[in-house]
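See structure below.
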Amino acid sequence: MNTNIQSLLRKIPSVDTLLDSSVLKVLSKTYGPDFVTCHIREVLELLRQQIKTGAVTDISNRKTSVMVEAAIRKEAEPSLKNILNLTGTIIHTNLGRAPLPEQAVKAVAQAAAGTNNLEFNLKSGRRGDRDHHLEKLLCRLTGAEAATVVNNNAAALLLVLNTLALRKQVPVSRGELIEIGGSFRIPDIMQRAGCKLIEIGTTNRTHGKDYRAAITDKTAMLLKVHTSNYSIEGFTKSVSEAELSVLAGEFNIPTVVDLGSGTLVDLRKFGLPYEPTAQDAISQGMDLVTFSGDKLLGGPQAGIIIGSKELIQKIKRNPMKRALRVDKMTIAALSSVLQLYLNPAQLVKHIPVLRQLSRTQKEIHSQAKQLLSQCTAPDNAYDLAIEACESQIGSGALPSKSLPSYALTISPRGKKRRGSILKNLNHSLLDLRVPVIGRIHNDALWLDLRCLEDEQLLLTQLKPALKQ
Ligand SMILES: *Cc1c(COP(=O)(O)O)cnc(C)c1O
């Protein structure tokens, strides 16, 4: 072996020497000596390799301890980080969907920090029901007789199917056999729930007579699924909730609708197309309605089931309910969000999803101008501009409706290697303390400002990144 390499290898500090360095002593106190020692060993092994390949030509105790410190800090960082969602999709499943209202955040912290009456009746001093904390509010807001809440809407549908239709048949329109993404497909979930899917109608048209023809003595219920992430346009026909309810009544079988996103407010108030509300589905005669807590409702991840008392009772008695139930933090958050719905006039102010949904293009434009004036600098490596763009609601709500918005666009100044410069910029924004997530489009990085509520946070991070 080359004598230079040998002398470098001899200079590698020992584990004990490093453990004794001032910086690693501090880290040992925080993370424990075992964790620090593991990292020292890994860094020393890496150094040996790099010396042998010639990648490292200089070594010191100080440098080595700094390397170990960096490795420890990187691993000790939480993996789940808050990010700035500037993708233009408001409810983004990959980005944690709905941010909670302030009130709900406080409620979660409080519930998490203490013990509470989650399943304890403070009047009788006996065991209580965790649904009790939400049921009354849900019924008041939707007009339903009863309600229960589970982990998410996928769980809600699974539980409803398994409770009402185990080893029985469920007719569903071919136009509603959806895949939501993340392998949630109606036919698969029905199979796992133990029921038999009876496909009826065609992709674009399903009639009342199709349901009628499919009903046998094995039919457990009639199911409607809101086609949330796509729309069929043109020569189409589907059977309304009201019509389905009358038909099911004739045969004395229950009706169920999976609303997907589900909302408690009429989106036409915000200038958007009509999206069926949970209370409409109840008033149109649906026996059970399921929807998500963290889509348009703007709350925590949850699956809400509302409807007839008798059916909700059956659902609560299904042993699977125990496996799909929500925890105290979800209950605290959801209860706080539902409280807000009691006062519709204040909703936009308090619920981030609705606030972002209802921002006008004009408001976003003035925010963009403000930001641009503070970001533009002669030593930037990039040109900045304001461009009109289209935001989306996301998570399957109103898929064919986009919301006019504005983006701050960032494009490389030079003409060469623009693609790779943009990619690098994108990576450096993902590497920030609070990562900034935009999208590359038309030779520029687009930051849709619709969901930006903390301009200072973006500015303090973006300014240094633009100089590189
Ligand atoms: C989103 C969605 C689901 C799944 O809801 P999660 O809360 O994500 O589990 C189910 N059905 C429809 C129609 C949906 O849009």
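Naming scheme: A, B, ... for chains in displayed order of the structure tokens; residues 1 onward per chain; ligands 1 onward as shown.
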> Residues of region 46-170 of chain A in alpha helix (DSSP H) according to DSSP, as number ranges by chain?
Replying inline: A: 46-53, 61-76, 102-113, 132-142, 153-165
> Given a cut-off of 6 Å, what residues near ligand 1 show up using only C-alpha atoms and all ligand atoms, put as a list in words?
Replying inline: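 These are the residues that qualify: Asn152, Asn153, Ala154, Ile180, Val225, His226, Thr227, Ser228, Asp258, Leu259, Gly260, Ser261, Ser292, Gly303 and Gly396 of chain A.
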> With only C-alpha atoms as the atoms that count, which of A:Leu398, A:Ala146, A:Val239, A:Leu425 lies nearest to Tyr274 (chain A)?
Replying inline: A:Leu398
>> For Ala76 (chain A), find every residue with an atom within 12 Å (counting only C-alpha atoms), except residues of its own chain fewer than 5 positions away, and show them as a ChimeraX atom specification.
In response: /A:27,30-32,35-36,39,69-71
> Between CA of Ile200 (chain A) and CA of Ile315 (chain A), what is the distance, to one decimal in Å?
Replying inline: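 Here the two named atoms are 26.3 Å from each other.
Those residues that approach Ala377 (chain A) to within 9 Å, counting only C-alpha atoms, are Ser373, Gln374, Asn380, Lys463 and Lys467 of chain A; same-chain residues fewer than 3 positions away are not listed.
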Same residues, all heavy atoms, saved as a compact mmCIF listing (two decimals), in the first residue's frame:
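File produced: result_24.txt:
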```txt
# COMPACT_ATOMS: atom_id res chain seq x y z
N SER A 373 -41.24 42.14 -5.58
CA SER A 373 -40.46 43.34 -5.30
C SER A 373 -39.41 43.07 -4.22
O SER A 373 -38.37 43.70 -4.19
CB SER A 373 -41.38 44.48 -4.88
OG SER A 373 -41.90 44.22 -3.61
N GLN A 374 -39.68 42.11 -3.36
CA GLN A 374 -38.72 41.83 -2.29
C GLN A 374 -37.69 40.78 -2.66
O GLN A 374 -36.70 40.60 -1.96
CB GLN A 374 -39.46 41.40 -1.03
CG GLN A 374 -40.34 42.52 -0.51
CD GLN A 374 -40.94 42.17 0.83
OE1 GLN A 374 -40.23 41.93 1.79
NE2 GLN A 374 -42.25 42.11 0.88
N ASN A 380 -29.01 37.99 -8.30
CA ASN A 380 -29.70 36.71 -8.46
C ASN A 380 -29.16 35.96 -9.67
O ASN A 380 -28.82 36.57 -10.68
CB ASN A 380 -31.20 36.93 -8.71
CG ASN A 380 -31.96 37.16 -7.41
OD1 ASN A 380 -31.41 36.99 -6.34
ND2 ASN A 380 -33.21 37.55 -7.54
N LYS A 463 -34.51 33.90 -0.73
CA LYS A 463 -33.50 34.90 -1.12
C LYS A 463 -32.10 34.30 -1.23
O LYS A 463 -31.46 34.45 -2.27
CB LYS A 463 -33.51 36.08 -0.15
CG LYS A 463 -34.62 37.08 -0.46
CD LYS A 463 -34.44 38.26 0.47
CE LYS A 463 -35.60 39.22 0.39
NZ LYS A 463 -35.51 40.15 1.53
N LYS A 467 -29.38 33.22 -4.99
CA LYS A 467 -28.06 33.80 -5.29
C LYS A 467 -27.07 32.73 -5.73
O LYS A 467 -26.02 33.05 -6.28
CB LYS A 467 -27.55 34.52 -4.05
CG LYS A 467 -28.42 35.72 -3.69
CD LYS A 467 -27.70 36.68 -2.78
CE LYS A 467 -28.56 37.80 -2.26
NZ LYS A 467 -29.78 38.14 -2.91
```
>> Please extract the residues of region 12-224 of chain A with a backbone DSSP assignment of strand (DSSP E or B) and present them as a ChimeraX atom specification.
In response: /A:84-85,89,120-121,126-127,146-150,169-173,179-181,184-185,196-200,205,219,222-224
>> Can you pull out the residues contacting Ala332 (chain A)? Cut-off 6 Å, using only C-alpha atoms, and skip same-chain residues under 3 positions away; I want them as an MDAnalysis selection string.
In response: chainID A and resid 107:108 329 335
Would you tabulate, counting only C-alpha atoms, all residues of region 217-328 of chain A that have an atom at most 9 Å from an atom of region 350-358 of chain A, showing the closest pair of atoms and their distance in Å to one decimal, sorted by chain then ascending number, as a Markdown table?
```
| residue | atom | partner | partner_atom | distance |
| --- | --- | --- | --- | --- |
| A:Phe270 | CA | A:Ser358 | CA | 5.8 |
| A:Gly271 | CA | A:Ser358 | CA | 8.3 |
| A:Lys295 | CA | A:Val353 | CA | 8.2 |
| A:Leu296 | CA | A:Val353 | CA | 6.8 |
| A:Leu297 | CA | A:Val353 | CA | 7.9 |
| A:Gly298 | CA | A:Val353 | CA | 5.4 |
| A:Gly299 | CA | A:Ile351 | CA | 8.3 |
```
> Which polymer residues have any atom within 6 Å of an atom of Gly394 (chain A), counting only C-alpha atoms, with same-chain residues fewer than 4 positions away left out, as a list in words?
Replying inline: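 Counting only the stated atoms, we get Thr89, Ile90, Ile91 and His92 of chain A.
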>> Need the shell around Leu247 (chain A): protein/DNA/RNA residues with any atom at most 12 Å away, counting only C-alpha atoms. Skip same-chain ones fewer than 4 positions apart. Format as a ChimeraX atom specification?
In response: /A:207-215,221-222,239-243,251-255,285-286
Store the residues picked out above in a file with N, CA, C and O atoms, as a PDB file, in the first residue's frame.
```
ATOM      1  N   HIS A 207     -79.230   3.440 -15.536  1.00  0.00           N
ATOM      2  CA  HIS A 207     -80.608   3.856 -15.299  1.00  0.00           C
ATOM      3  C   HIS A 207     -81.176   3.174 -14.059  1.00  0.00           C
ATOM      4  O   HIS A 207     -80.641   2.158 -13.598  1.00  0.00           O
ATOM      5  N   GLY A 208     -82.282   3.708 -13.591  1.00  0.00           N
ATOM      6  CA  GLY A 208     -82.981   3.094 -12.471  1.00  0.00           C
ATOM      7  C   GLY A 208     -83.328   1.647 -12.764  1.00  0.00           C
ATOM      8  O   GLY A 208     -83.224   0.783 -11.894  1.00  0.00           O
ATOM      9  N   LYS A 209     -83.690   1.376 -14.028  1.00  0.00           N
ATOM     10  CA  LYS A 209     -84.103  -0.001 -14.369  1.00  0.00           C
ATOM     11  C   LYS A 209     -82.933  -0.982 -14.261  1.00  0.00           C
ATOM     12  O   LYS A 209     -83.120  -2.179 -14.048  1.00  0.00           O
ATOM     13  N   ASP A 210     -81.696  -0.468 -14.391  1.00  0.00           N
ATOM     14  CA  ASP A 210     -80.525  -1.339 -14.237  1.00  0.00           C
ATOM     15  C   ASP A 210     -80.399  -1.816 -12.787  1.00  0.00           C
ATOM     16  O   ASP A 210     -80.091  -2.975 -12.526  1.00  0.00           O
ATOM     17  N   TYR A 211     -80.640  -0.877 -11.847  1.00  0.00           N
ATOM     18  CA  TYR A 211     -80.611  -1.277 -10.428  1.00  0.00           C
ATOM     19  C   TYR A 211     -81.734  -2.271 -10.155  1.00  0.00           C
ATOM     20  O   TYR A 211     -81.532  -3.307  -9.543  1.00  0.00           O
ATOM     21  N   ARG A 212     -82.919  -1.917 -10.663  1.00  0.00           N
ATOM     22  CA  ARG A 212     -84.093  -2.766 -10.407  1.00  0.00           C
ATOM     23  C   ARG A 212     -83.838  -4.194 -10.887  1.00  0.00           C
ATOM     24  O   ARG A 212     -84.115  -5.164 -10.173  1.00  0.00           O
ATOM     25  N   ALA A 213     -83.270  -4.320 -12.085  1.00  0.00           N
ATOM     26  CA  ALA A 213     -83.051  -5.652 -12.647  1.00  0.00           C
ATOM     27  C   ALA A 213     -82.017  -6.442 -11.844  1.00  0.00           C
ATOM     28  O   ALA A 213     -81.999  -7.673 -11.876  1.00  0.00           O
ATOM     29  N   ALA A 214     -81.131  -5.732 -11.136  1.00  0.00           N
ATOM     30  CA  ALA A 214     -80.056  -6.423 -10.403  1.00  0.00           C
ATOM     31  C   ALA A 214     -80.483  -6.859  -9.001  1.00  0.00           C
ATOM     32  O   ALA A 214     -79.801  -7.643  -8.356  1.00  0.00           O
ATOM     33  N   ILE A 215     -81.618  -6.331  -8.535  1.00  0.00           N
ATOM     34  CA  ILE A 215     -82.020  -6.635  -7.152  1.00  0.00           C
ATOM     35  C   ILE A 215     -82.566  -8.057  -7.043  1.00  0.00           C
ATOM     36  O   ILE A 215     -83.447  -8.458  -7.790  1.00  0.00           O
ATOM     37  N   MET A 221     -77.630  -4.010  -0.298  1.00  0.00           N
ATOM     38  CA  MET A 221     -77.827  -2.562  -0.300  1.00  0.00           C
ATOM     39  C   MET A 221     -77.578  -2.017  -1.693  1.00  0.00           C
ATOM     40  O   MET A 221     -77.026  -2.711  -2.546  1.00  0.00           O
ATOM     41  N   LEU A 222     -77.982  -0.770  -1.918  1.00  0.00           N
ATOM     42  CA  LEU A 222     -77.646  -0.095  -3.165  1.00  0.00           C
ATOM     43  C   LEU A 222     -76.581   0.941  -2.819  1.00  0.00           C
ATOM     44  O   LEU A 222     -76.746   1.728  -1.893  1.00  0.00           O
ATOM     45  N   VAL A 239     -78.129   7.622 -11.761  1.00  0.00           N
ATOM     46  CA  VAL A 239     -79.366   7.634 -10.993  1.00  0.00           C
ATOM     47  C   VAL A 239     -79.156   8.495  -9.749  1.00  0.00           C
ATOM     48  O   VAL A 239     -78.184   8.318  -9.021  1.00  0.00           O
ATOM     49  N   SER A 240     -80.052   9.433  -9.529  1.00  0.00           N
ATOM     50  CA  SER A 240     -79.887  10.348  -8.404  1.00  0.00           C
ATOM     51  C   SER A 240     -80.131   9.623  -7.085  1.00  0.00           C
ATOM     52  O   SER A 240     -80.779   8.579  -7.038  1.00  0.00           O
ATOM     53  N   GLU A 241     -79.637  10.246  -6.021  1.00  0.00           N
ATOM     54  CA  GLU A 241     -79.843   9.704  -4.680  1.00  0.00           C
ATOM     55  C   GLU A 241     -81.341   9.556  -4.395  1.00  0.00           C
ATOM     56  O   GLU A 241     -81.788   8.527  -3.887  1.00  0.00           O
ATOM     57  N   ALA A 242     -82.104  10.586  -4.771  1.00  0.00           N
ATOM     58  CA  ALA A 242     -83.534  10.569  -4.466  1.00  0.00           C
ATOM     59  C   ALA A 242     -84.218   9.388  -5.166  1.00  0.00           C
ATOM     60  O   ALA A 242     -85.009   8.657  -4.551  1.00  0.00           O
ATOM     61  N   GLU A 243     -83.897   9.177  -6.434  1.00  0.00           N
ATOM     62  CA  GLU A 243     -84.510   8.088  -7.204  1.00  0.00           C
ATOM     63  C   GLU A 243     -84.096   6.727  -6.624  1.00  0.00           C
ATOM     64  O   GLU A 243     -84.910   5.806  -6.489  1.00  0.00           O
ATOM     65  N   PHE A 251     -88.043  -2.228  -2.081  1.00  0.00           N
ATOM     66  CA  PHE A 251     -87.541  -3.570  -1.760  1.00  0.00           C
ATOM     67  C   PHE A 251     -87.077  -3.673  -0.307  1.00  0.00           C
ATOM     68  O   PHE A 251     -86.527  -4.690   0.102  1.00  0.00           O
ATOM     69  N   ASN A 252     -87.215  -2.558   0.415  1.00  0.00           N
ATOM     70  CA  ASN A 252     -86.809  -2.527   1.806  1.00  0.00           C
ATOM     71  C   ASN A 252     -85.319  -2.852   2.011  1.00  0.00           C
ATOM     72  O   ASN A 252     -84.945  -3.626   2.888  1.00  0.00           O
ATOM     73  N   ILE A 253     -84.479  -2.296   1.139  1.00  0.00           N
ATOM     74  CA  ILE A 253     -83.031  -2.459   1.338  1.00  0.00           C
ATOM     75  C   ILE A 253     -82.404  -1.068   1.519  1.00  0.00           C
ATOM     76  O   ILE A 253     -82.926  -0.082   0.994  1.00  0.00           O
ATOM     77  N   PRO A 254     -81.302  -0.998   2.271  1.00  0.00           N
ATOM     78  CA  PRO A 254     -80.718   0.315   2.545  1.00  0.00           C
ATOM     79  C   PRO A 254     -79.915   0.883   1.372  1.00  0.00           C
ATOM     80  O   PRO A 254     -79.446   0.136   0.509  1.00  0.00           O
ATOM     81  N   THR A 255     -79.778   2.205   1.364  1.00  0.00           N
ATOM     82  CA  THR A 255     -78.949   2.876   0.370  1.00  0.00           C
ATOM     83  C   THR A 255     -77.751   3.519   1.059  1.00  0.00           C
ATOM     84  O   THR A 255     -77.858   4.023   2.180  1.00  0.00           O
ATOM     85  N   GLY A 285     -82.609  11.026   1.260  1.00  0.00           N
ATOM     86  CA  GLY A 285     -83.063   9.700   1.679  1.00  0.00           C
ATOM     87  C   GLY A 285     -82.000   8.626   1.773  1.00  0.00           C
ATOM     88  O   GLY A 285     -82.327   7.444   1.958  1.00  0.00           O
ATOM     89  N   MET A 286     -80.714   8.987   1.654  1.00  0.00           N
ATOM     90  CA  MET A 286     -79.674   7.963   1.799  1.00  0.00           C
ATOM     91  C   MET A 286     -79.659   7.465   3.251  1.00  0.00           C
ATOM     92  O   MET A 286     -79.745   8.259   4.188  1.00  0.00           O
TER      93      MET A 286
END
```
>> Just the number, please: distance in Å from CA of Leu100 (chain A) to CA of Leu334 (chain A), one decimal.
In response: 9.3 Å
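Among the candidate residues A:Leu138, A:Asn117, A:Gly88, A:Gln468, the one lying nearest to Leu340 (chain A) is A:Leu138, with distances computed using only C-alpha atoms.
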> Between A:Leu86, A:Ile410, A:Ile198, A:Ala147, which has the minimum distance to Leu134 (chain A) (counting only C-alpha atoms)?
Replying inline: A:Ala147
>> Given only C-alpha atoms as the basis, pick out the residue of A:Ala302, A:Ile232, A:Ala333, A:Leu9 nearest to Gln50 (chain A).
In response: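 Of A:Ala302, A:Ile232, A:Ala333, A:Leu9, the one nearest Gln50 (chain A) is A:Leu9, counting only C-alpha atoms.
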> Looking at only C-alpha atoms, which of A:Glu363, A:Glu455, A:Asp379, A:Asp294 is the one that sits closest to Ser395 (chain A)?
Replying inline: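 Of the candidates, the smallest distance to Ser395 (chain A) is held by A:Asp294.
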> Pick from A:Gly438, A:Gly114, A:Pro78, A:Pro404: nearest to Lys362 (chain A), with only C-alpha atoms counted?
Replying inline: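 Nearest to Lys362 (chain A): A:Pro404.
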